[in-house]
file input28.txt (compact mmCIF, C-alpha atoms (C1' of nucleotides))
# COMPACT_ATOMS: atom_id res chain seq x y z
CA MET X 1 181.66 177.37 140.11
CA ASP X 2 182.67 175.79 136.82
CA THR X 3 184.00 177.72 133.85
CA ALA X 4 180.75 177.70 131.89
CA THR X 5 178.82 179.12 134.80
CA ILE X 6 181.37 181.85 135.34
CA ARG X 7 181.21 182.66 131.67
CA PHE X 8 177.43 182.78 131.78
CA THR X 9 177.16 184.93 134.89
CA ASP X 10 179.67 187.40 133.47
CA ARG X 11 177.79 187.58 130.21
CA MET X 12 174.58 188.18 132.08
CA GLY X 13 176.33 190.93 134.01
CA LEU X 14 177.31 192.65 130.79
CA LEU X 15 173.78 192.35 129.44
CA PHE X 16 172.41 193.95 132.57
CA GLU X 17 174.99 196.69 132.31
CA ALA X 18 173.93 197.37 128.73
CA GLU X 19 170.43 197.98 130.02
CA GLY X 20 171.57 200.45 132.62
CA ARG X 21 171.58 198.15 135.62
CA PRO X 22 174.44 197.21 137.92
CA ARG X 23 176.67 194.48 136.58
CA ILE X 24 176.55 192.61 139.86
CA ALA X 25 172.77 192.41 139.64
CA GLY X 26 173.12 190.57 136.38
CA ARG X 27 175.66 188.16 137.78
CA ILE X 28 173.47 187.39 140.75
CA PHE X 29 170.53 186.83 138.48
CA GLY X 30 172.56 184.59 136.18
CA ARG X 31 173.85 182.55 139.06
CA LEU X 32 170.37 181.92 140.40
CA LEU X 33 169.03 181.16 136.96
CA VAL X 34 171.15 178.02 136.72
CA SER X 35 170.74 177.04 140.35
CA GLU X 36 168.06 174.71 141.59
CA ASP X 37 168.43 175.51 145.26
CA PRO X 38 167.95 178.99 146.64
CA ARG X 39 171.24 180.59 147.63
CA SER X 40 172.16 182.68 150.62
CA LEU X 41 173.80 186.10 150.48
CA ASP X 42 177.04 184.60 151.74
CA GLN X 43 177.04 181.89 149.12
CA LEU X 44 176.43 184.38 146.36
CA ALA X 45 179.06 186.78 147.68
CA GLU X 46 181.66 184.04 147.81
CA GLU X 47 180.79 182.42 144.49
CA LEU X 48 180.74 185.69 142.62
CA GLY X 49 183.68 187.18 144.46
CA VAL X 50 181.93 190.36 145.55
CA SER X 51 181.13 191.98 148.84
CA LYS X 52 178.12 190.90 150.81
CA ALA X 53 176.95 194.49 150.86
CA SER X 54 176.59 194.52 147.10
CA VAL X 55 174.81 191.20 147.07
CA SER X 56 172.38 192.34 149.72
CA THR X 57 171.55 195.59 147.96
CA ASN X 58 171.26 194.18 144.46
CA ALA X 59 169.36 191.06 145.43
CA ARG X 60 166.79 193.23 147.15
CA ILE X 61 166.49 195.42 144.07
CA LEU X 62 166.00 192.37 141.86
CA ALA X 63 163.40 191.02 144.25
CA ALA X 64 161.59 194.35 144.11
CA MET X 65 161.67 194.10 140.32
CA GLY X 66 160.06 190.72 140.65
CA VAL X 67 162.66 188.60 138.90
CA LEU X 68 164.01 187.17 142.16
CA GLU X 69 162.24 185.81 145.19
CA ARG X 70 163.34 185.88 148.76
CA VAL X 71 162.72 182.69 150.65
CA CYS X 72 163.31 181.86 154.27
CA ARG X 73 163.51 178.58 156.09
CA PRO X 74 162.19 177.83 159.56
CA GLY X 75 164.96 177.82 162.11
CA ASP X 76 167.40 179.45 159.75
CA ARG X 77 168.26 183.10 159.98
CA HIS X 78 169.72 183.30 156.50
CA ASP X 79 167.94 184.99 153.63
CA TYR X 80 167.84 182.92 150.48
CA TYR X 81 167.09 184.04 146.97
CA ARG X 82 165.96 182.13 143.94
CA ALA X 83 164.76 182.94 140.43
CA ALA X 84 161.07 183.82 140.41
CA PRO X 85 158.85 180.92 139.31
CA ASP X 86 156.99 182.97 136.70
CA LEU X 87 160.25 184.42 135.50
CA PHE X 88 159.26 184.98 131.92
CA SER X 89 156.12 186.97 132.52
CA ARG X 90 157.99 188.94 135.17
CA THR X 91 160.72 190.01 132.82
CA MET X 92 158.14 190.79 130.19
CA ALA X 93 156.19 192.93 132.62
CA GLU X 94 159.41 194.69 133.55
CA ARG X 95 160.24 195.47 129.94
CA LEU X 96 156.72 196.42 129.05
CA GLY X 97 156.66 198.74 132.05
CA ARG X 98 159.69 200.63 130.85
CA TRP X 99 158.17 200.97 127.45
CA GLN X 100 154.99 202.24 129.03
CA ARG X 101 156.85 205.00 130.86
CA PHE X 102 158.23 205.98 127.51
CA THR X 103 154.78 206.04 125.95
CA GLU X 104 153.44 208.03 128.87
CA ALA X 105 156.02 210.71 128.15
CA VAL X 106 154.82 210.80 124.55
CA GLY X 107 151.29 211.23 125.83
CA GLU X 108 152.32 214.11 128.04
CA ALA X 109 154.00 215.74 125.07
CA ARG X 110 150.87 215.41 123.00
CA ARG X 111 148.84 217.06 125.73
CA THR X 112 151.21 219.83 126.81
CA VAL X 113 153.55 220.70 123.98
CA PRO X 114 152.10 223.27 121.58
CA ILE X 115 152.33 221.49 118.23
CA ARG X 116 151.25 223.31 115.12
CA SER X 117 151.75 220.43 112.71
CA ALA X 118 148.80 218.08 112.34
CA ARG X 119 151.17 215.43 111.07
CA VAL X 120 153.20 215.48 114.28
CA ARG X 121 150.07 215.29 116.41
CA ALA X 122 148.97 212.29 114.36
CA ARG X 123 152.41 210.73 114.83
CA LEU X 124 152.16 210.98 118.60
CA ARG X 125 148.60 209.74 118.69
CA GLY X 126 149.57 206.88 116.40
CA TYR X 127 152.45 205.92 118.65
CA GLU X 128 150.24 205.78 121.71
CA ALA X 129 147.55 203.81 119.91
CA ALA X 130 150.08 201.33 118.56
CA TYR X 131 151.51 200.80 122.02
CA ALA X 132 148.08 200.22 123.52
CA TYR X 133 147.24 197.75 120.79
CA LEU X 134 150.48 195.87 121.14
CA ALA X 135 150.42 195.77 124.92
CA ASP X 136 146.99 194.24 124.62
CA ALA X 137 148.15 191.69 122.08
CA ILE X 138 151.12 190.78 124.25
CA GLY X 139 148.89 190.27 127.25
CA ALA X 140 146.59 188.03 125.24
CA ALA X 141 149.51 186.04 123.82
CA LEU X 142 150.93 185.54 127.29
CA ARG X 143 147.64 184.26 128.64
CA GLU X 144 147.36 181.94 125.68
CA TRP X 145 150.84 180.64 126.33
CA ASP X 146 150.06 179.98 129.95
CA GLU X 147 146.91 178.11 129.00
CA ARG X 148 148.82 175.99 126.57
CA ARG X 149 151.34 175.11 129.25
CA GLU X 150 148.71 174.31 131.81
CA SER X 151 146.70 172.04 129.56
CA PRO X 152 149.31 169.42 128.71
CA PRO X 153 149.68 167.56 125.40
CA LEU X 154 146.22 166.67 124.15
CA ALA X 155 145.75 164.03 121.51
CA SER X 156 144.59 166.66 119.05
CA GLY X 157 147.72 168.65 118.53
CA GLY X 158 145.96 171.52 117.01
CA ARG X 159 145.30 174.95 118.27
CA THR X 160 145.31 177.10 115.17
CA ARG X 161 147.43 180.17 115.00
CA MET C 1 161.84 226.29 122.71
CA ASP C 2 158.84 226.63 124.98
CA THR C 3 158.69 225.35 128.53
CA ALA C 4 156.66 222.24 127.73
CA THR C 5 159.10 221.16 125.04
CA ILE C 6 162.08 221.67 127.34
CA ARG C 7 160.29 219.66 129.98
CA PHE C 8 159.55 216.90 127.51
CA THR C 9 163.06 216.69 126.05
CA ASP C 10 164.56 216.56 129.51
CA ARG C 11 162.16 213.82 130.56
CA MET C 12 163.06 211.88 127.45
CA GLY C 13 166.72 212.36 128.30
CA LEU C 14 166.17 210.82 131.72
CA LEU C 15 164.25 207.90 130.22
CA PHE C 16 167.11 207.22 127.85
CA GLU C 17 169.56 207.44 130.70
CA ALA C 18 167.55 204.90 132.68
CA GLU C 19 168.00 202.52 129.78
CA GLY C 20 171.74 202.97 129.69
CA ARG C 21 171.95 205.44 126.83
CA PRO C 22 173.39 208.94 126.79
CA ARG C 23 171.06 211.56 128.11
CA ILE C 24 171.71 213.83 125.17
CA ALA C 25 170.55 211.12 122.79
CA GLY C 26 167.19 211.15 124.52
CA ARG C 27 166.90 214.91 124.34
CA ILE C 28 167.72 214.91 120.64
CA PHE C 29 165.17 212.21 120.08
CA GLY C 30 162.55 214.06 122.08
CA ARG C 31 163.16 217.29 120.25
CA LEU C 32 162.74 215.62 116.86
CA LEU C 33 159.68 213.73 118.02
CA VAL C 34 157.71 216.97 118.39
CA SER C 35 159.20 218.65 115.33
CA GLU C 36 157.64 218.51 111.92
CA ASP C 37 160.66 219.75 110.00
CA PRO C 38 164.00 217.96 110.05
CA ARG C 39 166.56 219.84 112.13
CA SER C 40 170.22 220.48 111.51
CA LEU C 41 173.03 219.69 113.92
CA ASP C 42 173.49 223.38 114.63
CA GLN C 43 169.81 223.88 115.37
CA LEU C 44 169.77 220.94 117.75
CA ALA C 45 172.98 222.00 119.46
CA GLU C 46 171.65 225.50 120.04
CA GLU C 47 168.14 224.49 121.08
CA LEU C 48 169.35 221.87 123.51
CA GLY C 49 172.31 223.89 124.74
CA VAL C 50 174.93 221.24 124.07
CA SER C 51 178.04 221.01 121.96
CA LYS C 52 177.79 220.23 118.28
CA ALA C 53 180.20 217.36 118.81
CA SER C 54 177.73 215.61 121.09
CA VAL C 55 174.85 216.18 118.74
CA SER C 56 176.82 214.81 115.82
CA THR C 57 177.88 211.69 117.65
CA ASN C 58 174.56 210.90 119.28
CA ALA C 59 172.44 211.67 116.25
CA ARG C 60 174.52 209.25 114.23
CA ILE C 61 174.09 206.58 116.90
CA LEU C 62 170.33 207.10 116.93
CA ALA C 63 170.25 206.92 113.15
CA ALA C 64 172.18 203.66 113.30
CA MET C 65 169.62 202.38 115.80
CA GLY C 66 166.95 203.26 113.28
CA VAL C 67 164.90 205.67 115.36
CA LEU C 68 166.23 208.72 113.52
CA GLU C 69 166.74 209.38 109.86
CA ARG C 70 169.33 211.56 108.22
CA VAL C 71 168.01 213.65 105.37
CA CYS C 72 169.84 215.96 103.02
CA ARG C 73 168.60 218.68 100.72
CA PRO C 74 169.95 219.52 97.30
CA GLY C 75 172.24 222.54 97.33
CA ASP C 76 172.51 222.44 101.11
CA ARG C 77 175.55 221.07 102.84
CA HIS C 78 173.84 220.66 106.20
CA ASP C 79 172.84 217.30 107.60
CA TYR C 80 169.29 217.17 108.87
CA TYR C 81 167.70 214.62 111.15
CA ARG C 82 164.10 213.68 111.73
CA ALA C 83 162.20 210.99 113.61
CA ALA C 84 161.96 207.80 111.57
CA PRO C 85 158.61 207.36 109.82
CA ASP C 86 158.03 203.83 111.11
CA LEU C 87 159.10 204.90 114.55
CA PHE C 88 156.99 202.50 116.52
CA SER C 89 158.09 199.30 114.83
CA ARG C 90 161.67 200.54 115.01
CA THR C 91 161.62 201.00 118.75
CA MET C 92 159.86 197.69 119.12
CA ALA C 93 162.50 195.96 117.05
CA GLU C 94 165.16 197.62 119.16
CA ARG C 95 163.63 196.41 122.39
CA LEU C 96 162.87 192.96 121.07
CA GLY C 97 166.47 192.70 119.90
CA ARG C 98 167.81 193.38 123.35
CA TRP C 99 165.49 190.81 124.78
CA GLN C 100 166.68 188.34 122.19
CA ARG C 101 170.31 188.80 123.19
CA PHE C 102 169.19 188.02 126.70
CA THR C 103 167.41 184.88 125.58
CA GLU C 104 170.42 183.83 123.54
CA ALA C 105 172.50 183.95 126.69
CA VAL C 106 169.96 181.69 128.38
CA GLY C 107 170.28 179.32 125.45
CA GLU C 108 174.03 179.26 125.76
CA ALA C 109 173.71 178.48 129.43
CA ARG C 110 171.36 175.61 128.71
CA ARG C 111 173.85 174.16 126.24
CA THR C 112 177.13 174.74 128.08
CA VAL C 113 176.49 174.92 131.81
CA PRO C 114 176.45 171.52 133.49
CA ILE C 115 173.06 171.46 135.17
CA ARG C 116 172.12 168.50 137.28
CA SER C 117 168.59 169.59 138.07
CA ALA C 118 165.97 168.62 135.53
CA ARG C 119 163.77 171.40 136.86
CA VAL C 120 166.36 174.03 136.01
CA ARG C 121 166.84 172.63 132.54
CA ALA C 122 163.10 172.78 132.04
CA ARG C 123 163.08 176.36 133.30
CA LEU C 124 165.64 177.44 130.73
CA ARG C 125 163.95 175.55 127.92
CA GLY C 126 160.62 177.04 128.96
CA TYR C 127 162.07 180.52 128.92
CA GLU C 128 163.41 180.13 125.41
CA ALA C 129 160.19 178.60 124.15
CA ALA C 130 158.11 181.36 125.70
CA TYR C 131 160.30 184.00 124.11
CA ALA C 132 160.03 182.39 120.68
CA TYR C 133 156.29 182.15 121.04
CA LEU C 134 155.90 185.72 122.16
CA ALA C 135 158.26 187.16 119.57
CA ASP C 136 156.13 185.42 116.98
CA ALA C 137 152.93 186.78 118.45
CA ILE C 138 154.37 190.28 118.58
CA GLY C 139 155.40 190.09 114.96
CA ALA C 140 151.93 188.94 113.98
CA ALA C 141 150.27 191.67 116.02
CA LEU C 142 152.48 194.28 114.44
CA ARG C 143 151.62 193.14 110.94
CA GLU C 144 147.95 193.16 111.86
CA TRP C 145 148.26 196.68 113.19
CA ASP C 146 149.94 197.86 110.03
CA GLU C 147 147.20 196.28 107.93
CA ARG C 148 144.55 197.95 109.98
CA ARG C 149 146.22 201.31 109.51
CA GLU C 150 146.66 200.85 105.80
CA SER C 151 143.10 199.79 105.10
CA PRO C 152 141.14 202.79 106.34
CA PRO C 153 137.78 202.60 108.14
CA LEU C 154 135.51 200.30 106.20
CA ALA C 155 131.76 200.45 106.57
CA SER C 156 131.77 197.09 108.30
CA GLY C 157 133.58 197.96 111.44
CA GLY C 158 134.42 194.46 112.19
CA ARG C 159 137.72 192.76 112.27
CA THR C 160 137.44 190.43 115.24
CA ARG C 161 140.06 190.39 117.94
C1' DT P 1 173.07 189.48 179.90
C1' DG P 2 176.52 188.77 176.66
C1' DT P 3 177.93 187.12 172.29
C1' DA P 4 177.77 185.58 167.74
C1' DA P 5 175.74 185.67 163.31
C1' DC P 6 172.70 187.61 160.49
C1' DG P 7 171.20 191.64 156.95
C1' DT P 8 171.46 196.48 156.20
C1' DT P 9 173.46 201.04 155.79
C1' DC P 10 176.71 204.55 154.83
C1' DA P 11 180.81 207.16 153.78
C1' DG P 12 184.62 206.69 150.70
C1' DT P 13 186.93 205.32 146.41
C1' DG P 14 187.74 204.13 141.82
C1' DC P 15 186.24 203.59 137.33
C1' DA P 16 183.65 204.17 133.37
C1' DT P 17 181.84 207.26 130.24
C1' DA P 18 179.12 211.35 128.72
C1' DC P 19 180.27 215.60 127.27
C1' DT P 20 183.23 219.54 125.78
C1' DG P 21 186.49 222.42 122.96
C1' DA P 22 189.81 222.47 119.63
C1' DA P 23 191.91 220.49 115.76
C1' DC P 24 191.07 218.14 111.55
C1' DG P 25 189.48 216.66 106.81
C1' DC P 26 186.77 217.84 103.21
C1' DA P 27 183.85 220.04 99.76
C1' DC P 28 182.41 224.10 97.73
C1' DG P 29 182.73 228.89 95.78
C1' DA P 30 185.38 233.09 94.71
C1' DT M 1 194.48 228.53 95.43
C1' DC M 2 192.79 230.35 99.00
C1' DG M 3 188.86 230.91 102.49
C1' DT M 4 184.59 229.46 104.46
C1' DG M 5 181.47 226.40 106.46
C1' DC M 6 180.25 221.94 107.07
C1' DG M 7 180.59 217.21 109.97
C1' DT M 8 183.73 214.41 112.44
C1' DT M 9 187.32 213.09 115.68
C1' DC M 10 190.05 213.09 119.69
C1' DA M 11 192.28 214.18 124.03
C1' DG M 12 190.89 215.90 128.41
C1' DT M 13 187.64 216.58 132.12
C1' DA M 14 184.21 215.81 135.46
C1' DT M 15 180.29 213.78 136.88
C1' DG M 16 177.77 210.01 138.31
C1' DC M 17 177.54 205.59 140.24
C1' DA M 18 178.83 200.78 141.20
C1' DC M 19 181.22 198.65 144.59
C1' DT M 20 183.75 198.08 149.02
C1' DG M 21 184.76 197.79 154.08
C1' DA M 22 183.43 198.97 158.40
C1' DA M 23 179.95 200.26 161.57
C1' DC M 24 175.27 199.44 162.99
C1' DG M 25 170.81 197.32 164.58
C1' DT M 26 168.61 193.12 165.42
C1' DT M 27 167.65 188.49 166.64
C1' DA M 28 168.62 183.94 168.59
C1' DC M 29 170.96 181.24 171.70
C1' DA M 30 174.38 180.47 175.62

call {"tool": "encode", "arguments": {"input": "input28.txt", "output": "structure tokens"}}
result
Amino acid sequence: MDTATIRFTDRMGLLFEAEGRPRIAGRIFGRLLVSEDPRSLDQLAEELGVSKASVSTNARILAAMGVLERVCRPGDRHDYYRAAPDLFSRTMAERLGRWQRFTEAVGEARRTVPIRSARVRARLRGYEAAYAYLADAIGAALREWDERRESPPLASGGRTR
Amino acid sequence: MDTATIRFTDRMGLLFEAEGRPRIAGRIFGRLLVSEDPRSLDQLAEELGVSKASVSTNARILAAMGVLERVCRPGDRHDYYRAAPDLFSRTMAERLGRWQRFTEAVGEARRTVPIRSARVRARLRGYEAAYAYLADAIGAALREWDERRESPPLASGGRTR
DNA sequence: TGTAACGTTCAGTGCATACTGAACGCACGA
DNA sequence: TCGTGCGTTCAGTATGCACTGAACGTTACA
């Protein structure tokens, strides 16, 4: 691997670490992000200089998250991994999901915690409503983006904002 | 603190931990989320059963993140903390910021990593473009939400989606 | 049937870091 | 000029967890 790739994979590892995920997972993800061909566990282990056990575990976790895909070839017993085709919406779904868990906790608080203050109750309700609204808007924006990508450059350049 | 509040603060602590932040930070945040009045470091330390040192450090971090606010009262040497008024947009900005750092790394890869495959280059470009588009849409949605909140229920119910 | 080459699992280790308790600096009031 | 009561800092600890190496189960091929 060239210097720039090493630099990138390491950076991606640190970013993953900052989000509470294993550093190796980030490096695997980074490596596959700049790779056209799917890569085997052995390739990844050697390129990244880590044990095959770690690669196996973390690649499976990433695949479960939906950001990686496991591919297999006929007559080849190796497992290969590659970046998921719809990578962007996957990562967005991942992030939105975490935020949703957060909002769900707020909802539980609103329902279970005895709150005297009307202002606090309104704050919690407002938070939940804002999340619902924004999640909706994000979904709509994503669909719109996909449409735009699918219908290639028309002569009229102009969808209005 | 009642059982439901303890349950909620602990849950919030675990959610914070899952995102790579100190558990105590989450519990502090949770406690202030369901509290009308600002709370002092001593109050928080006692209610949550942790050292004042931890509360001091973590509350300051959360304030720097923008999700908490430090308030002081005249003739009172205590520091008080409360949940930020514009909590939702703060947490959104926080999350969007982390995503942006991620996208910036992708951009660096596109510029520095020698990539032979045109498909991979297109993937990276597509990722960046999608992020820019979505960040824009999120910003617009947030402004729209704020407007809607500020202009209270008009007789004509109808802003269209 | 035996062997080699897979991916997975699991106990063990090392490292990072959250958290604590004590010391510290500082501002206020007597 | 003390003493008191703040918030902060810092060295030390321990707790969790990422990561490793070896053992394991499984499948394909000889």

call {"tool": "residues_around", "arguments": {"input": "input28.txt", "residues": "DA23 of chain P", "least_positions_apart": "4", "cutoff": "12 Å", "atoms": "only C-alpha atoms (C1' of nucleotides)", "output": "list in words"}}
result
DT8, DT9, DC10 and DA11 of chain M

call {"tool": "interface_residues", "arguments": {"input": "input28.txt", "of": "chain M", "to": "chain X", "cutoff": "9 Å", "atoms": "all atoms listed in the file", "output": "MDAnalysis selection string"}}
result
chainID M and resid 18:21 27:28

call {"tool": "interface_residues", "arguments": {"input": "input28.txt", "of": "chain X", "to": "chain P", "cutoff": "9 Å", "atoms": "all atoms listed in the file", "output": "list in words"}}
result
Leu41, Ala53, Ser56, Thr57, Arg77, His78 and Asp79 of chain X

call {"tool": "atom_distance", "arguments": {"input": "input28.txt", "atom1": "atom C1' of DC6 of chain M", "atom2": "atom CA of Tyr80 of chain C"}}
result
12.1 Å

call {"tool": "calpha_fit_and_write", "arguments": {"input": "input28.txt", "fixed": "chain X", "moving": "chain C", "output": "short mmCIF file (atom, residue, chain, number, x, y, z; two decimals) with C-alpha atoms, keeping the file's coordinate frame"}}
result
data_model
loop_
_atom_site.label_atom_id
_atom_site.label_comp_id
_atom_site.auth_asym_id
_atom_site.auth_seq_id
_atom_site.Cartn_x
_atom_site.Cartn_y
_atom_site.Cartn_z
CA MET C 1 181.75 177.42 140.02
CA ASP C 2 182.77 175.90 136.71
CA THR C 3 184.09 177.87 133.77
CA ALA C 4 180.83 177.85 131.81
CA THR C 5 178.88 179.22 134.75
CA ILE C 6 181.42 181.98 135.33
CA ARG C 7 181.24 182.82 131.66
CA PHE C 8 177.47 182.91 131.77
CA THR C 9 177.19 185.03 134.92
CA ASP C 10 179.67 187.52 133.54
CA ARG C 11 177.79 187.72 130.25
CA MET C 12 174.58 188.29 132.15
CA GLY C 13 176.32 191.02 134.12
CA LEU C 14 177.28 192.79 130.91
CA LEU C 15 173.74 192.48 129.56
CA PHE C 16 172.38 194.05 132.71
CA GLU C 17 174.94 196.80 132.48
CA ALA C 18 173.90 197.53 128.90
CA GLU C 19 170.40 198.10 130.21
CA GLY C 20 171.53 200.54 132.84
CA ARG C 21 171.54 198.21 135.82
CA PRO C 22 174.40 197.25 138.11
CA ARG C 23 176.62 194.57 136.73
CA ILE C 24 176.54 192.63 139.97
CA ALA C 25 172.76 192.42 139.77
CA GLY C 26 173.12 190.61 136.47
CA ARG C 27 175.68 188.19 137.84
CA ILE C 28 173.48 187.39 140.83
CA PHE C 29 170.56 186.84 138.53
CA GLY C 30 172.59 184.64 136.22
CA ARG C 31 173.91 182.56 139.06
CA LEU C 32 170.41 181.91 140.40
CA LEU C 33 169.07 181.19 136.94
CA VAL C 34 171.22 178.05 136.67
CA SER C 35 170.82 177.02 140.30
CA GLU C 36 168.16 174.67 141.51
CA ASP C 37 168.53 175.44 145.20
CA PRO C 38 168.03 178.91 146.63
CA ARG C 39 171.33 180.50 147.61
CA SER C 40 172.25 182.57 150.62
CA LEU C 41 173.87 185.99 150.53
CA ASP C 42 177.13 184.50 151.76
CA GLN C 43 177.12 181.81 149.09
CA LEU C 44 176.50 184.36 146.36
CA ALA C 45 179.11 186.75 147.70
CA GLU C 46 181.73 184.01 147.79
CA GLU C 47 180.85 182.42 144.46
CA LEU C 48 180.78 185.72 142.63
CA GLY C 49 183.74 187.20 144.48
CA VAL C 50 181.98 190.36 145.60
CA SER C 51 181.17 191.96 148.91
CA LYS C 52 178.18 190.82 150.90
CA ALA C 53 176.98 194.41 151.00
CA SER C 54 176.60 194.47 147.23
CA VAL C 55 174.84 191.15 147.16
CA SER C 56 172.42 192.25 149.84
CA THR C 57 171.56 195.49 148.11
CA ASN C 58 171.27 194.14 144.60
CA ALA C 59 169.39 191.00 145.54
CA ARG C 60 166.80 193.12 147.29
CA ILE C 61 166.48 195.34 144.22
CA LEU C 62 166.00 192.31 141.98
CA ALA C 63 163.42 190.92 144.37
CA ALA C 64 161.59 194.24 144.27
CA MET C 65 161.67 194.04 140.48
CA GLY C 66 160.07 190.64 140.77
CA VAL C 67 162.69 188.56 138.99
CA LEU C 68 164.04 187.10 142.23
CA GLU C 69 162.28 185.71 145.24
CA ARG C 70 163.42 185.74 148.83
CA VAL C 71 162.80 182.50 150.67
CA CYS C 72 163.40 181.63 154.29
CA ARG C 73 163.61 178.31 156.05
CA PRO C 74 162.33 177.52 159.51
CA GLY C 75 165.09 177.48 162.12
CA ASP C 76 167.51 179.18 159.75
CA ARG C 77 168.33 182.83 160.03
CA HIS C 78 169.80 183.09 156.54
CA ASP C 79 168.02 184.80 153.69
CA TYR C 80 167.92 182.77 150.51
CA TYR C 81 167.16 183.92 147.00
CA ARG C 82 166.01 182.05 143.94
CA ALA C 83 164.82 182.91 140.45
CA ALA C 84 161.12 183.77 140.43
CA PRO C 85 158.90 180.91 139.27
CA ASP C 86 157.02 182.98 136.69
CA LEU C 87 160.27 184.46 135.50
CA PHE C 88 159.30 185.03 131.92
CA SER C 89 156.13 187.01 132.53
CA ARG C 90 157.98 188.99 135.19
CA THR C 91 160.71 190.11 132.85
CA MET C 92 158.13 190.85 130.20
CA ALA C 93 156.14 192.97 132.62
CA GLU C 94 159.33 194.77 133.56
CA ARG C 95 160.17 195.57 129.97
CA LEU C 96 156.63 196.47 129.04
CA GLY C 97 156.52 198.80 132.03
CA ARG C 98 159.55 200.71 130.86
CA TRP C 99 158.06 201.02 127.44
CA GLN C 100 154.86 202.30 128.98
CA ARG C 101 156.68 205.07 130.83
CA PHE C 102 158.12 206.03 127.48
CA THR C 103 154.69 206.09 125.88
CA GLU C 104 153.31 208.11 128.77
CA ALA C 105 155.91 210.75 128.06
CA VAL C 106 154.76 210.83 124.44
CA GLY C 107 151.22 211.29 125.69
CA GLU C 108 152.24 214.18 127.87
CA ALA C 109 153.96 215.79 124.93
CA ARG C 110 150.86 215.43 122.80
CA ARG C 111 148.79 217.13 125.49
CA THR C 112 151.16 219.89 126.60
CA VAL C 113 153.54 220.74 123.78
CA PRO C 114 152.14 223.28 121.34
CA ILE C 115 152.39 221.48 118.02
CA ARG C 116 151.37 223.28 114.88
CA SER C 117 151.86 220.38 112.51
CA ALA C 118 148.91 218.05 112.14
CA ARG C 119 151.28 215.38 110.90
CA VAL C 120 153.25 215.45 114.14
CA ARG C 121 150.11 215.28 116.21
CA ALA C 122 149.03 212.27 114.20
CA ARG C 123 152.45 210.70 114.72
CA LEU C 124 152.17 210.98 118.48
CA ARG C 125 148.59 209.75 118.54
CA GLY C 126 149.58 206.87 116.27
CA TYR C 127 152.43 205.94 118.56
CA GLU C 128 150.19 205.80 121.61
CA ALA C 129 147.52 203.84 119.79
CA ALA C 130 150.05 201.34 118.47
CA TYR C 131 151.46 200.84 121.95
CA ALA C 132 148.01 200.25 123.44
CA TYR C 133 147.20 197.79 120.70
CA LEU C 134 150.44 195.91 121.07
CA ALA C 135 150.37 195.83 124.86
CA ASP C 136 146.94 194.28 124.54
CA ALA C 137 148.13 191.73 122.03
CA ILE C 138 151.10 190.84 124.20
CA GLY C 139 148.87 190.32 127.20
CA ALA C 140 146.60 188.07 125.18
CA ALA C 141 149.52 186.08 123.80
CA LEU C 142 150.92 185.61 127.26
CA ARG C 143 147.63 184.30 128.60
CA GLU C 144 147.39 181.96 125.64
CA TRP C 145 150.89 180.70 126.30
CA ASP C 146 150.10 180.05 129.93
CA GLU C 147 146.96 178.15 128.95
CA ARG C 148 148.89 176.04 126.53
CA ARG C 149 151.42 175.18 129.20
CA GLU C 150 148.80 174.35 131.77
CA SER C 151 146.75 172.08 129.54
CA PRO C 152 149.28 169.42 128.60
CA PRO C 153 149.52 167.76 125.17
CA LEU C 154 146.07 166.67 124.12
CA ALA C 155 145.55 163.99 121.52
CA SER C 156 144.22 166.56 119.10
CA GLY C 157 147.29 168.59 118.51
CA GLY C 158 145.42 171.47 117.21
CA ARG C 159 144.99 174.88 118.63
CA THR C 160 145.14 177.13 115.59
CA ARG C 161 147.46 180.09 115.47
#

call {"tool": "build_atoms", "arguments": {"input": "input28.txt", "residues": "segment 103-111 of chain C", "atoms": "N, CA and C atoms", "output": "compact mmCIF listing (two decimals), in the coordinates of the input"}}
result
# COMPACT_ATOMS: atom_id res chain seq x y z
N THR C 103 167.86 186.26 125.75
CA THR C 103 167.41 184.88 125.58
C THR C 103 168.51 184.01 124.99
N GLU C 104 169.31 184.59 124.11
CA GLU C 104 170.42 183.83 123.54
C GLU C 104 171.40 183.41 124.62
N ALA C 105 171.61 184.30 125.59
CA ALA C 105 172.50 183.95 126.69
C ALA C 105 171.92 182.78 127.48
N VAL C 106 170.62 182.81 127.69
CA VAL C 106 169.96 181.69 128.38
C VAL C 106 170.18 180.40 127.60
N GLY C 107 170.06 180.49 126.29
CA GLY C 107 170.28 179.32 125.45
C GLY C 107 171.69 178.78 125.57
N GLU C 108 172.65 179.70 125.60
CA GLU C 108 174.03 179.26 125.76
C GLU C 108 174.22 178.55 127.09
N ALA C 109 173.61 179.11 128.11
CA ALA C 109 173.71 178.48 129.43
C ALA C 109 173.14 177.06 129.39
N ARG C 110 172.00 176.92 128.78
CA ARG C 110 171.36 175.61 128.71
C ARG C 110 172.28 174.61 128.00
N ARG C 111 173.00 175.07 127.01
CA ARG C 111 173.85 174.16 126.24
C ARG C 111 175.20 173.90 126.90
